[in-house]
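Enquirer: This is upload_14.cif, which holds mmCIF, N, CA and C atoms:
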```
data_run
#
loop_
_atom_site.label_atom_id
_atom_site.label_comp_id
_atom_site.auth_asym_id
_atom_site.auth_seq_id
_atom_site.Cartn_x
_atom_site.Cartn_y
_atom_site.Cartn_z
N MET R 1 114.99 98.46 174.55
CA MET R 1 115.85 99.18 173.64
C MET R 1 116.49 98.18 172.69
N ASN R 2 116.25 98.33 171.41
CA ASN R 2 116.89 97.47 170.42
C ASN R 2 117.08 98.28 169.14
N HIS R 3 118.33 98.64 168.88
CA HIS R 3 118.67 99.40 167.68
C HIS R 3 119.46 98.56 166.69
N LEU R 4 119.41 97.23 166.83
CA LEU R 4 120.12 96.35 165.91
C LEU R 4 119.36 96.26 164.59
N PRO R 5 120.08 96.17 163.46
CA PRO R 5 119.39 96.03 162.17
C PRO R 5 118.70 94.68 162.07
N PRO R 6 117.41 94.66 161.76
CA PRO R 6 116.68 93.38 161.66
C PRO R 6 117.05 92.62 160.40
N VAL R 7 117.08 91.29 160.53
CA VAL R 7 117.26 90.38 159.41
C VAL R 7 115.92 89.74 159.08
N ALA R 8 115.16 89.47 160.12
CA ALA R 8 113.80 88.91 160.03
C ALA R 8 113.06 89.41 161.27
N GLU R 9 111.82 88.96 161.43
CA GLU R 9 111.02 89.41 162.58
C GLU R 9 111.66 89.03 163.91
N ASP R 10 112.35 87.89 163.95
CA ASP R 10 112.93 87.39 165.19
C ASP R 10 114.45 87.24 165.10
N ALA R 11 115.11 88.04 164.25
CA ALA R 11 116.56 87.95 164.08
C ALA R 11 117.15 89.32 163.78
N TRP R 12 118.37 89.55 164.31
CA TRP R 12 119.04 90.84 164.16
C TRP R 12 120.50 90.62 163.80
N ARG R 13 121.02 91.51 162.98
CA ARG R 13 122.41 91.43 162.51
C ARG R 13 123.36 91.95 163.59
N LEU R 14 124.46 91.22 163.78
CA LEU R 14 125.51 91.63 164.71
C LEU R 14 126.79 91.87 163.92
N PRO R 15 127.49 92.98 164.16
CA PRO R 15 128.73 93.23 163.43
C PRO R 15 129.85 92.31 163.89
N ARG R 16 130.91 92.28 163.11
CA ARG R 16 132.03 91.37 163.33
C ARG R 16 132.64 91.50 164.73
N HIS R 17 132.74 92.68 165.26
CA HIS R 17 133.40 92.88 166.56
C HIS R 17 132.40 93.13 167.69
N ALA R 18 131.19 92.66 167.54
CA ALA R 18 130.17 92.88 168.58
C ALA R 18 130.57 92.16 169.88
N HIS R 19 130.18 92.77 170.97
CA HIS R 19 130.36 92.17 172.30
C HIS R 19 128.99 92.00 172.92
N VAL R 20 128.74 90.82 173.47
CA VAL R 20 127.50 90.55 174.17
C VAL R 20 127.87 90.30 175.63
N VAL R 21 127.44 91.19 176.50
CA VAL R 21 127.70 91.06 177.93
C VAL R 21 126.47 90.41 178.54
N VAL R 22 126.69 89.26 179.18
CA VAL R 22 125.58 88.48 179.74
C VAL R 22 125.68 88.54 181.26
N TYR R 23 124.68 89.13 181.87
CA TYR R 23 124.56 89.18 183.32
C TYR R 23 123.62 88.05 183.71
N ASP R 24 124.16 87.01 184.38
CA ASP R 24 123.35 85.80 184.61
C ASP R 24 123.10 85.49 186.08
N GLN R 25 122.81 86.49 186.87
CA GLN R 25 122.54 86.28 188.28
C GLN R 25 121.05 86.12 188.59
N ARG R 26 120.24 85.99 187.56
CA ARG R 26 118.79 85.85 187.74
C ARG R 26 118.29 84.63 186.99
N GLU R 27 116.99 84.39 187.09
CA GLU R 27 116.38 83.31 186.31
C GLU R 27 116.52 83.59 184.82
N ARG R 28 116.29 84.84 184.44
CA ARG R 28 116.52 85.28 183.06
C ARG R 28 117.80 86.11 183.03
N GLU R 29 118.57 85.95 181.98
CA GLU R 29 119.79 86.73 181.83
C GLU R 29 119.46 88.10 181.24
N LEU R 30 120.34 89.06 181.46
CA LEU R 30 120.27 90.35 180.81
C LEU R 30 121.37 90.37 179.77
N LEU R 31 121.00 90.48 178.49
CA LEU R 31 121.96 90.53 177.39
C LEU R 31 122.12 91.99 176.98
N THR R 32 123.34 92.50 177.07
CA THR R 32 123.64 93.86 176.64
C THR R 32 124.58 93.75 175.45
N ILE R 33 124.18 94.31 174.31
CA ILE R 33 124.92 94.13 173.06
C ILE R 33 125.54 95.45 172.63
N TYR R 34 126.86 95.40 172.42
CA TYR R 34 127.62 96.55 171.93
C TYR R 34 128.11 96.24 170.52
N ASP R 35 128.09 97.24 169.63
CA ASP R 35 128.59 97.05 168.26
C ASP R 35 130.07 96.70 168.24
N CYS R 36 130.83 97.28 169.14
CA CYS R 36 132.27 97.05 169.19
C CYS R 36 132.72 97.22 170.63
N GLY R 37 133.56 96.33 171.09
CA GLY R 37 134.01 96.39 172.46
C GLY R 37 134.94 97.55 172.75
N SER R 38 135.67 98.04 171.75
CA SER R 38 136.62 99.12 171.99
C SER R 38 136.02 100.50 171.75
N ALA R 39 134.88 100.58 171.09
CA ALA R 39 134.24 101.88 170.85
C ALA R 39 133.57 102.37 172.13
N GLN R 40 133.62 103.64 172.35
CA GLN R 40 133.01 104.23 173.55
C GLN R 40 131.60 104.69 173.21
N LYS R 41 130.74 103.74 172.84
CA LYS R 41 129.36 104.04 172.46
C LYS R 41 128.40 103.32 173.39
N PRO R 42 127.20 103.83 173.55
CA PRO R 42 126.20 103.12 174.36
C PRO R 42 125.81 101.80 173.68
N PRO R 43 125.19 100.91 174.43
CA PRO R 43 124.79 99.63 173.84
C PRO R 43 123.77 99.80 172.73
N SER R 44 123.80 98.86 171.78
CA SER R 44 122.84 98.85 170.68
C SER R 44 121.54 98.18 171.08
N ALA R 45 121.60 97.29 172.07
CA ALA R 45 120.39 96.59 172.50
C ALA R 45 120.58 96.02 173.90
N GLN R 46 119.45 95.87 174.60
CA GLN R 46 119.39 95.14 175.86
C GLN R 46 118.16 94.27 175.81
N LEU R 47 118.35 92.99 176.11
CA LEU R 47 117.26 92.02 176.04
C LEU R 47 117.25 91.18 177.30
N LEU R 48 116.07 90.81 177.76
CA LEU R 48 115.95 89.84 178.85
C LEU R 48 115.70 88.48 178.22
N GLY R 49 116.39 87.48 178.68
CA GLY R 49 116.23 86.14 178.14
C GLY R 49 117.47 85.32 178.44
N ASN R 50 117.65 84.24 177.71
CA ASN R 50 118.79 83.36 177.90
C ASN R 50 119.52 83.14 176.58
N LEU R 51 120.83 83.37 176.60
CA LEU R 51 121.67 83.07 175.45
C LEU R 51 122.04 81.60 175.57
N VAL R 52 121.42 80.76 174.76
CA VAL R 52 121.56 79.31 174.93
C VAL R 52 122.70 78.71 174.10
N ARG R 53 123.12 79.41 173.03
CA ARG R 53 124.18 78.84 172.21
C ARG R 53 124.82 79.93 171.37
N VAL R 54 126.13 79.78 171.13
CA VAL R 54 126.86 80.67 170.23
C VAL R 54 127.53 79.79 169.19
N LYS R 55 127.05 79.86 167.95
CA LYS R 55 127.60 79.05 166.85
C LYS R 55 128.61 79.83 166.03
N ALA R 56 128.56 81.16 166.09
CA ALA R 56 129.50 82.00 165.35
C ALA R 56 130.87 81.94 166.02
N GLU R 57 131.92 82.17 165.23
CA GLU R 57 133.27 82.19 165.77
C GLU R 57 133.37 83.33 166.78
N SER R 58 133.79 82.99 168.01
CA SER R 58 133.80 83.99 169.08
C SER R 58 134.74 83.55 170.19
N GLU R 59 134.93 84.45 171.14
CA GLU R 59 135.70 84.17 172.35
C GLU R 59 134.79 84.47 173.53
N THR R 60 134.73 83.58 174.50
CA THR R 60 133.90 83.76 175.68
C THR R 60 134.81 83.90 176.90
N ARG R 61 134.54 84.93 177.69
CA ARG R 61 135.30 85.16 178.92
C ARG R 61 134.34 85.24 180.10
N GLN R 62 134.67 84.55 181.16
CA GLN R 62 133.87 84.60 182.38
C GLN R 62 134.15 85.90 183.12
N THR R 63 133.11 86.45 183.74
CA THR R 63 133.23 87.65 184.58
C THR R 63 132.59 87.34 185.93
N PRO R 64 132.79 88.18 186.92
CA PRO R 64 132.18 87.92 188.23
C PRO R 64 130.65 87.85 188.19
N THR R 65 130.03 88.50 187.23
CA THR R 65 128.56 88.54 187.18
C THR R 65 127.98 87.76 186.00
N GLY R 66 128.79 87.06 185.25
CA GLY R 66 128.29 86.31 184.09
C GLY R 66 129.41 86.02 183.12
N TYR R 67 129.24 86.47 181.86
CA TYR R 67 130.28 86.25 180.86
C TYR R 67 130.10 87.23 179.71
N THR R 68 131.17 87.35 178.90
CA THR R 68 131.18 88.22 177.73
C THR R 68 131.52 87.39 176.51
N VAL R 69 130.74 87.56 175.45
CA VAL R 69 130.99 86.90 174.17
C VAL R 69 131.47 87.96 173.19
N SER R 70 132.68 87.78 172.65
CA SER R 70 133.25 88.71 171.67
C SER R 70 133.26 88.01 170.32
N LEU R 71 132.49 88.52 169.38
CA LEU R 71 132.41 87.90 168.06
C LEU R 71 133.68 88.16 167.27
N ARG R 72 134.06 87.18 166.44
CA ARG R 72 135.21 87.27 165.55
C ARG R 72 134.76 87.27 164.09
N GLU R 73 133.46 87.13 163.86
CA GLU R 73 132.88 87.17 162.52
C GLU R 73 131.48 87.77 162.65
N PRO R 74 130.93 88.30 161.54
CA PRO R 74 129.55 88.81 161.61
C PRO R 74 128.59 87.70 162.03
N GLY R 75 127.56 88.08 162.75
CA GLY R 75 126.62 87.08 163.24
C GLY R 75 125.18 87.55 163.14
N VAL R 76 124.30 86.63 163.53
CA VAL R 76 122.87 86.92 163.59
C VAL R 76 122.38 86.45 164.96
N LEU R 77 121.76 87.36 165.69
CA LEU R 77 121.12 87.01 166.96
C LEU R 77 119.70 86.60 166.63
N ARG R 78 119.36 85.34 166.90
CA ARG R 78 118.05 84.81 166.52
C ARG R 78 117.32 84.32 167.77
N GLU R 79 116.04 84.69 167.86
CA GLU R 79 115.20 84.21 168.96
C GLU R 79 114.71 82.82 168.58
N GLN R 80 115.04 81.82 169.41
CA GLN R 80 114.64 80.44 169.13
C GLN R 80 113.32 80.06 169.76
N GLY R 81 112.94 80.75 170.74
CA GLY R 81 111.69 80.50 171.46
C GLY R 81 111.51 81.68 172.39
N LYS R 82 110.52 81.61 173.21
CA LYS R 82 110.25 82.74 174.11
C LYS R 82 111.48 82.99 175.00
N GLU R 83 112.14 84.12 174.74
CA GLU R 83 113.27 84.59 175.52
C GLU R 83 114.48 83.64 175.50
N HIS R 84 114.65 82.88 174.44
CA HIS R 84 115.82 82.04 174.23
C HIS R 84 116.49 82.46 172.93
N TYR R 85 117.77 82.80 173.01
CA TYR R 85 118.49 83.35 171.87
C TYR R 85 119.71 82.50 171.52
N VAL R 86 120.08 82.55 170.24
CA VAL R 86 121.28 81.89 169.75
C VAL R 86 121.97 82.87 168.81
N ILE R 87 123.31 82.82 168.78
CA ILE R 87 124.07 83.63 167.84
C ILE R 87 124.64 82.69 166.79
N GLU R 88 124.27 82.93 165.54
CA GLU R 88 124.70 82.09 164.41
C GLU R 88 125.61 82.90 163.51
N PRO R 89 126.44 82.24 162.69
CA PRO R 89 127.22 82.98 161.69
C PRO R 89 126.29 83.65 160.69
N ALA R 90 126.70 84.81 160.21
CA ALA R 90 125.86 85.55 159.24
C ALA R 90 125.95 84.93 157.86
#
```
Before anything else, please render the file you have as structure tokens.

Expert:
Amino acid sequence: MNHLPPVAEDAWRLPRHAHVVVYDQRERELLTIYDCGSAQKPPSAQLLGNLVRVKAESETRQTPTGYTVSLREPGVLREQGKEHYVIEPA
């Protein structure tokens, strides 16, 4: 499931208040992306892979099952290699 607006074949636009919930109890992480953390909407995307870096302005909070990245500026989720992702400023 991926309903994020594409920027390129391997990149997707993330809104300013996007939340990325990372479940990291496996070899590959489960990335669940929400357009806004306070909106009561289903996720915009779920991806299997590893979030290796966040370059966009954000706040990261640890959770019992992984961590949550809350963006403070628009970003781009870019696939850097097979199942490796980075979030860059838009």

Enquirer: For this file, the PyMOL selection byres (((chain R and resi 33-41 and name CA) around 7) and name CA) selects which residues, as a list in words?

Expert: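 Selected by the PyMOL selection byres (((chain R and resi 33-41 and name CA) around 7) and name CA) in this file: Pro15, His17, Ala18, His19, Val20, Val21, Leu31, Thr32, Pro42, Pro43, Ser44, Ala45 and Gln46 of chain R.
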
Enquirer: Do a neighbour search on segment 48-62 of chain R at 7 Å with all atoms listed in the file, toss out local chain neighbours closer than 3 positions, and write the hits as a tab-separated table (two decimals) with N, CA and C atoms, in the frame of the given file.

Expert:
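See selection_13.tsv below for the written result:
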```
chain	number	residue	atom	x	y	z
R	27	GLU	N	116.99	84.39	187.09
R	27	GLU	CA	116.38	83.31	186.31
R	27	GLU	C	116.52	83.59	184.82
R	28	ARG	N	116.29	84.84	184.44
R	28	ARG	CA	116.52	85.28	183.06
R	28	ARG	C	117.80	86.11	183.03
R	29	GLU	N	118.57	85.95	181.98
R	29	GLU	CA	119.79	86.73	181.83
R	29	GLU	C	119.46	88.10	181.24
R	30	LEU	N	120.34	89.06	181.46
R	30	LEU	CA	120.27	90.35	180.81
R	30	LEU	C	121.37	90.37	179.77
R	31	LEU	N	121.00	90.48	178.49
R	31	LEU	CA	121.96	90.53	177.39
R	31	LEU	C	122.12	91.99	176.98
R	65	THR	N	130.03	88.50	187.23
R	65	THR	CA	128.56	88.54	187.18
R	65	THR	C	127.98	87.76	186.00
R	66	GLY	N	128.79	87.06	185.25
R	66	GLY	CA	128.29	86.31	184.09
R	66	GLY	C	129.41	86.02	183.12
R	67	TYR	N	129.24	86.47	181.86
R	67	TYR	CA	130.28	86.25	180.86
R	67	TYR	C	130.10	87.23	179.71
R	68	THR	N	131.17	87.35	178.90
R	68	THR	CA	131.18	88.22	177.73
R	68	THR	C	131.52	87.39	176.51
R	69	VAL	N	130.74	87.56	175.45
R	69	VAL	CA	130.99	86.90	174.17
R	69	VAL	C	131.47	87.96	173.19
R	70	SER	N	132.68	87.78	172.65
R	70	SER	CA	133.25	88.71	171.67
R	70	SER	C	133.26	88.01	170.32
R	71	LEU	N	132.49	88.52	169.38
R	71	LEU	CA	132.41	87.90	168.06
R	71	LEU	C	133.68	88.16	167.27
R	72	ARG	N	134.06	87.18	166.44
R	72	ARG	CA	135.21	87.27	165.55
R	72	ARG	C	134.76	87.27	164.09
R	73	GLU	N	133.46	87.13	163.86
R	73	GLU	CA	132.88	87.17	162.52
R	73	GLU	C	131.48	87.77	162.65
R	74	PRO	N	130.93	88.30	161.54
R	74	PRO	CA	129.55	88.81	161.61
R	74	PRO	C	128.59	87.70	162.03
R	75	GLY	N	127.56	88.08	162.75
R	75	GLY	CA	126.62	87.08	163.24
R	75	GLY	C	125.18	87.55	163.14
R	82	LYS	N	110.52	81.61	173.21
R	82	LYS	CA	110.25	82.74	174.11
R	82	LYS	C	111.48	82.99	175.00
R	83	GLU	N	112.14	84.12	174.74
R	83	GLU	CA	113.27	84.59	175.52
R	83	GLU	C	114.48	83.64	175.50
R	84	HIS	N	114.65	82.88	174.44
R	84	HIS	CA	115.82	82.04	174.23
R	84	HIS	C	116.49	82.46	172.93
R	85	TYR	N	117.77	82.80	173.01
R	85	TYR	CA	118.49	83.35	171.87
R	85	TYR	C	119.71	82.50	171.52
R	86	VAL	N	120.08	82.55	170.24
R	86	VAL	CA	121.28	81.89	169.75
R	86	VAL	C	121.97	82.87	168.81
R	87	ILE	N	123.31	82.82	168.78
R	87	ILE	CA	124.07	83.63	167.84
R	87	ILE	C	124.64	82.69	166.79
R	88	GLU	N	124.27	82.93	165.54
R	88	GLU	CA	124.70	82.09	164.41
R	88	GLU	C	125.61	82.90	163.51
R	89	PRO	N	126.44	82.24	162.69
R	89	PRO	CA	127.22	82.98	161.69
R	89	PRO	C	126.29	83.65	160.69
R	90	ALA	N	126.70	84.81	160.21
R	90	ALA	CA	125.86	85.55	159.24
R	90	ALA	C	125.95	84.93	157.86
```

Enquirer: Can you tell me how far atom CA of Asn2 of chain R sits from atom CA of Arg16 of chain R, in Å to one decimal?

Expert: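 So the answer is 17.8 Å.
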
Enquirer: I'd like to know which residues of segment 15-54 of chain R are strand (DSSP E or B) (by DSSP, run on the backbone); could you write them as a list in words?

Expert: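 Secondary structure check on segment 15-54 of chain R, strand (DSSP E or B): His19, Val20, Val21, Val22, Tyr23, Glu29, Leu30, Leu31, Thr32, Ile33, Tyr34, Ala45, Gln46, Leu47, Leu48, Gly49, Asn50, Leu51, Val52, Arg53 and Val54 of chain R.
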
Enquirer: Would you mind reading off the distance between atom N of Leu47 of chain R and atom C of Tyr23 of chain R, one decimal, in Å?

Expert: 10.5 Å

Enquirer: What residues come out when you apply the PyMOL selection byres ((chain R and resi 11) around 6.5) to this file, written as a list in words?

Expert: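 For this structure, the PyMOL selection byres ((chain R and resi 11) around 6.5) resolves to Pro5, Pro6, Val7, Ala8, Glu9, Asp10, Trp12, Arg13, Val76, Leu77, Arg78 and Glu79 of chain R.
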
Enquirer: Can you fill out segment 43-54 of chain R with all heavy atoms and hand it back as a PDB file, in the frame of the given file?

Expert:
```pdb
ATOM      1  N   PRO R  43     125.190 100.910 174.430  1.00  0.00           N
ATOM      2  CA  PRO R  43     124.790  99.630 173.840  1.00  0.00           C
ATOM      3  C   PRO R  43     123.770  99.800 172.730  1.00  0.00           C
ATOM      4  O   PRO R  43     122.976 100.732 172.726  1.00  0.00           O
ATOM      5  CB  PRO R  43     124.209  98.840 175.010  1.00  0.00           C
ATOM      6  CG  PRO R  43     123.949  99.816 176.078  1.00  0.00           C
ATOM      7  CD  PRO R  43     124.809 101.014 175.829  1.00  0.00           C
ATOM      8  N   SER R  44     123.800  98.860 171.780  1.00  0.00           N
ATOM      9  CA  SER R  44     122.840  98.850 170.680  1.00  0.00           C
ATOM     10  C   SER R  44     121.540  98.180 171.080  1.00  0.00           C
ATOM     11  O   SER R  44     120.497  98.442 170.478  1.00  0.00           O
ATOM     12  CB  SER R  44     123.420  98.098 169.486  1.00  0.00           C
ATOM     13  OG  SER R  44     124.576  98.732 169.038  1.00  0.00           O
ATOM     14  N   ALA R  45     121.600  97.290 172.070  1.00  0.00           N
ATOM     15  CA  ALA R  45     120.390  96.590 172.500  1.00  0.00           C
ATOM     16  C   ALA R  45     120.580  96.020 173.900  1.00  0.00           C
ATOM     17  O   ALA R  45     121.698  95.712 174.311  1.00  0.00           O
ATOM     18  CB  ALA R  45     120.068  95.465 171.529  1.00  0.00           C
ATOM     19  N   GLN R  46     119.450  95.870 174.600  1.00  0.00           N
ATOM     20  CA  GLN R  46     119.390  95.140 175.860  1.00  0.00           C
ATOM     21  C   GLN R  46     118.160  94.270 175.810  1.00  0.00           C
ATOM     22  O   GLN R  46     117.067  94.745 175.478  1.00  0.00           O
ATOM     23  CB  GLN R  46     119.319  96.077 177.061  1.00  0.00           C
ATOM     24  CG  GLN R  46     120.642  96.723 177.388  1.00  0.00           C
ATOM     25  CD  GLN R  46     120.600  97.460 178.704  1.00  0.00           C
ATOM     26  OE1 GLN R  46     119.646  98.173 178.996  1.00  0.00           O
ATOM     27  NE2 GLN R  46     121.635  97.279 179.498  1.00  0.00           N
ATOM     28  N   LEU R  47     118.350  92.990 176.110  1.00  0.00           N
ATOM     29  CA  LEU R  47     117.260  92.020 176.040  1.00  0.00           C
ATOM     30  C   LEU R  47     117.250  91.180 177.300  1.00  0.00           C
ATOM     31  O   LEU R  47     118.305  90.827 177.829  1.00  0.00           O
ATOM     32  CB  LEU R  47     117.443  91.092 174.833  1.00  0.00           C
ATOM     33  CG  LEU R  47     117.633  91.750 173.466  1.00  0.00           C
ATOM     34  CD1 LEU R  47     118.154  90.741 172.467  1.00  0.00           C
ATOM     35  CD2 LEU R  47     116.324  92.339 172.999  1.00  0.00           C
ATOM     36  N   LEU R  48     116.070  90.810 177.760  1.00  0.00           N
ATOM     37  CA  LEU R  48     115.950  89.840 178.850  1.00  0.00           C
ATOM     38  C   LEU R  48     115.700  88.480 178.220  1.00  0.00           C
ATOM     39  O   LEU R  48     114.876  88.345 177.307  1.00  0.00           O
ATOM     40  CB  LEU R  48     114.788  90.195 179.772  1.00  0.00           C
ATOM     41  CG  LEU R  48     115.045  91.308 180.763  1.00  0.00           C
ATOM     42  CD1 LEU R  48     113.769  91.627 181.529  1.00  0.00           C
ATOM     43  CD2 LEU R  48     116.158  90.953 181.719  1.00  0.00           C
ATOM     44  N   GLY R  49     116.390  87.480 178.680  1.00  0.00           N
ATOM     45  CA  GLY R  49     116.230  86.140 178.140  1.00  0.00           C
ATOM     46  C   GLY R  49     117.470  85.320 178.440  1.00  0.00           C
ATOM     47  O   GLY R  49     118.267  85.670 179.302  1.00  0.00           O
ATOM     48  N   ASN R  50     117.650  84.240 177.710  1.00  0.00           N
ATOM     49  CA  ASN R  50     118.790  83.360 177.900  1.00  0.00           C
ATOM     50  C   ASN R  50     119.520  83.140 176.580  1.00  0.00           C
ATOM     51  O   ASN R  50     118.898  82.785 175.587  1.00  0.00           O
ATOM     52  CB  ASN R  50     118.343  82.002 178.460  1.00  0.00           C
ATOM     53  CG  ASN R  50     117.766  82.137 179.843  1.00  0.00           C
ATOM     54  OD1 ASN R  50     118.372  82.735 180.710  1.00  0.00           O
ATOM     55  ND2 ASN R  50     116.580  81.607 180.051  1.00  0.00           N
ATOM     56  N   LEU R  51     120.830  83.370 176.600  1.00  0.00           N
ATOM     57  CA  LEU R  51     121.670  83.070 175.450  1.00  0.00           C
ATOM     58  C   LEU R  51     122.040  81.600 175.570  1.00  0.00           C
ATOM     59  O   LEU R  51     122.859  81.221 176.403  1.00  0.00           O
ATOM     60  CB  LEU R  51     122.912  83.965 175.431  1.00  0.00           C
ATOM     61  CG  LEU R  51     123.849  83.798 174.248  1.00  0.00           C
ATOM     62  CD1 LEU R  51     123.129  84.103 172.936  1.00  0.00           C
ATOM     63  CD2 LEU R  51     125.064  84.693 174.405  1.00  0.00           C
ATOM     64  N   VAL R  52     121.420  80.760 174.760  1.00  0.00           N
ATOM     65  CA  VAL R  52     121.560  79.310 174.930  1.00  0.00           C
ATOM     66  C   VAL R  52     122.700  78.710 174.100  1.00  0.00           C
ATOM     67  O   VAL R  52     123.209  77.655 174.452  1.00  0.00           O
ATOM     68  CB  VAL R  52     120.244  78.561 174.625  1.00  0.00           C
ATOM     69  CG1 VAL R  52     119.184  78.928 175.632  1.00  0.00           C
ATOM     70  CG2 VAL R  52     119.745  78.846 173.227  1.00  0.00           C
ATOM     71  N   ARG R  53     123.120  79.410 173.030  1.00  0.00           N
ATOM     72  CA  ARG R  53     124.180  78.840 172.210  1.00  0.00           C
ATOM     73  C   ARG R  53     124.820  79.930 171.370  1.00  0.00           C
ATOM     74  O   ARG R  53     124.158  80.848 170.912  1.00  0.00           O
ATOM     75  CB  ARG R  53     123.623  77.761 171.293  1.00  0.00           C
ATOM     76  CG  ARG R  53     124.668  77.016 170.517  1.00  0.00           C
ATOM     77  CD  ARG R  53     124.094  75.825 169.768  1.00  0.00           C
ATOM     78  NE  ARG R  53     123.373  74.969 170.695  1.00  0.00           N
ATOM     79  CZ  ARG R  53     122.150  74.485 170.469  1.00  0.00           C
ATOM     80  NH1 ARG R  53     121.522  74.761 169.361  1.00  0.00           N
ATOM     81  NH2 ARG R  53     121.550  73.727 171.351  1.00  0.00           N
ATOM     82  N   VAL R  54     126.130  79.780 171.130  1.00  0.00           N
ATOM     83  CA  VAL R  54     126.860  80.670 170.230  1.00  0.00           C
ATOM     84  C   VAL R  54     127.530  79.790 169.190  1.00  0.00           C
ATOM     85  O   VAL R  54     128.446  79.032 169.515  1.00  0.00           O
ATOM     86  CB  VAL R  54     127.902  81.529 170.978  1.00  0.00           C
ATOM     87  CG1 VAL R  54     128.652  82.416 169.987  1.00  0.00           C
ATOM     88  CG2 VAL R  54     127.238  82.368 172.054  1.00  0.00           C
TER      89      VAL R  54
END
```
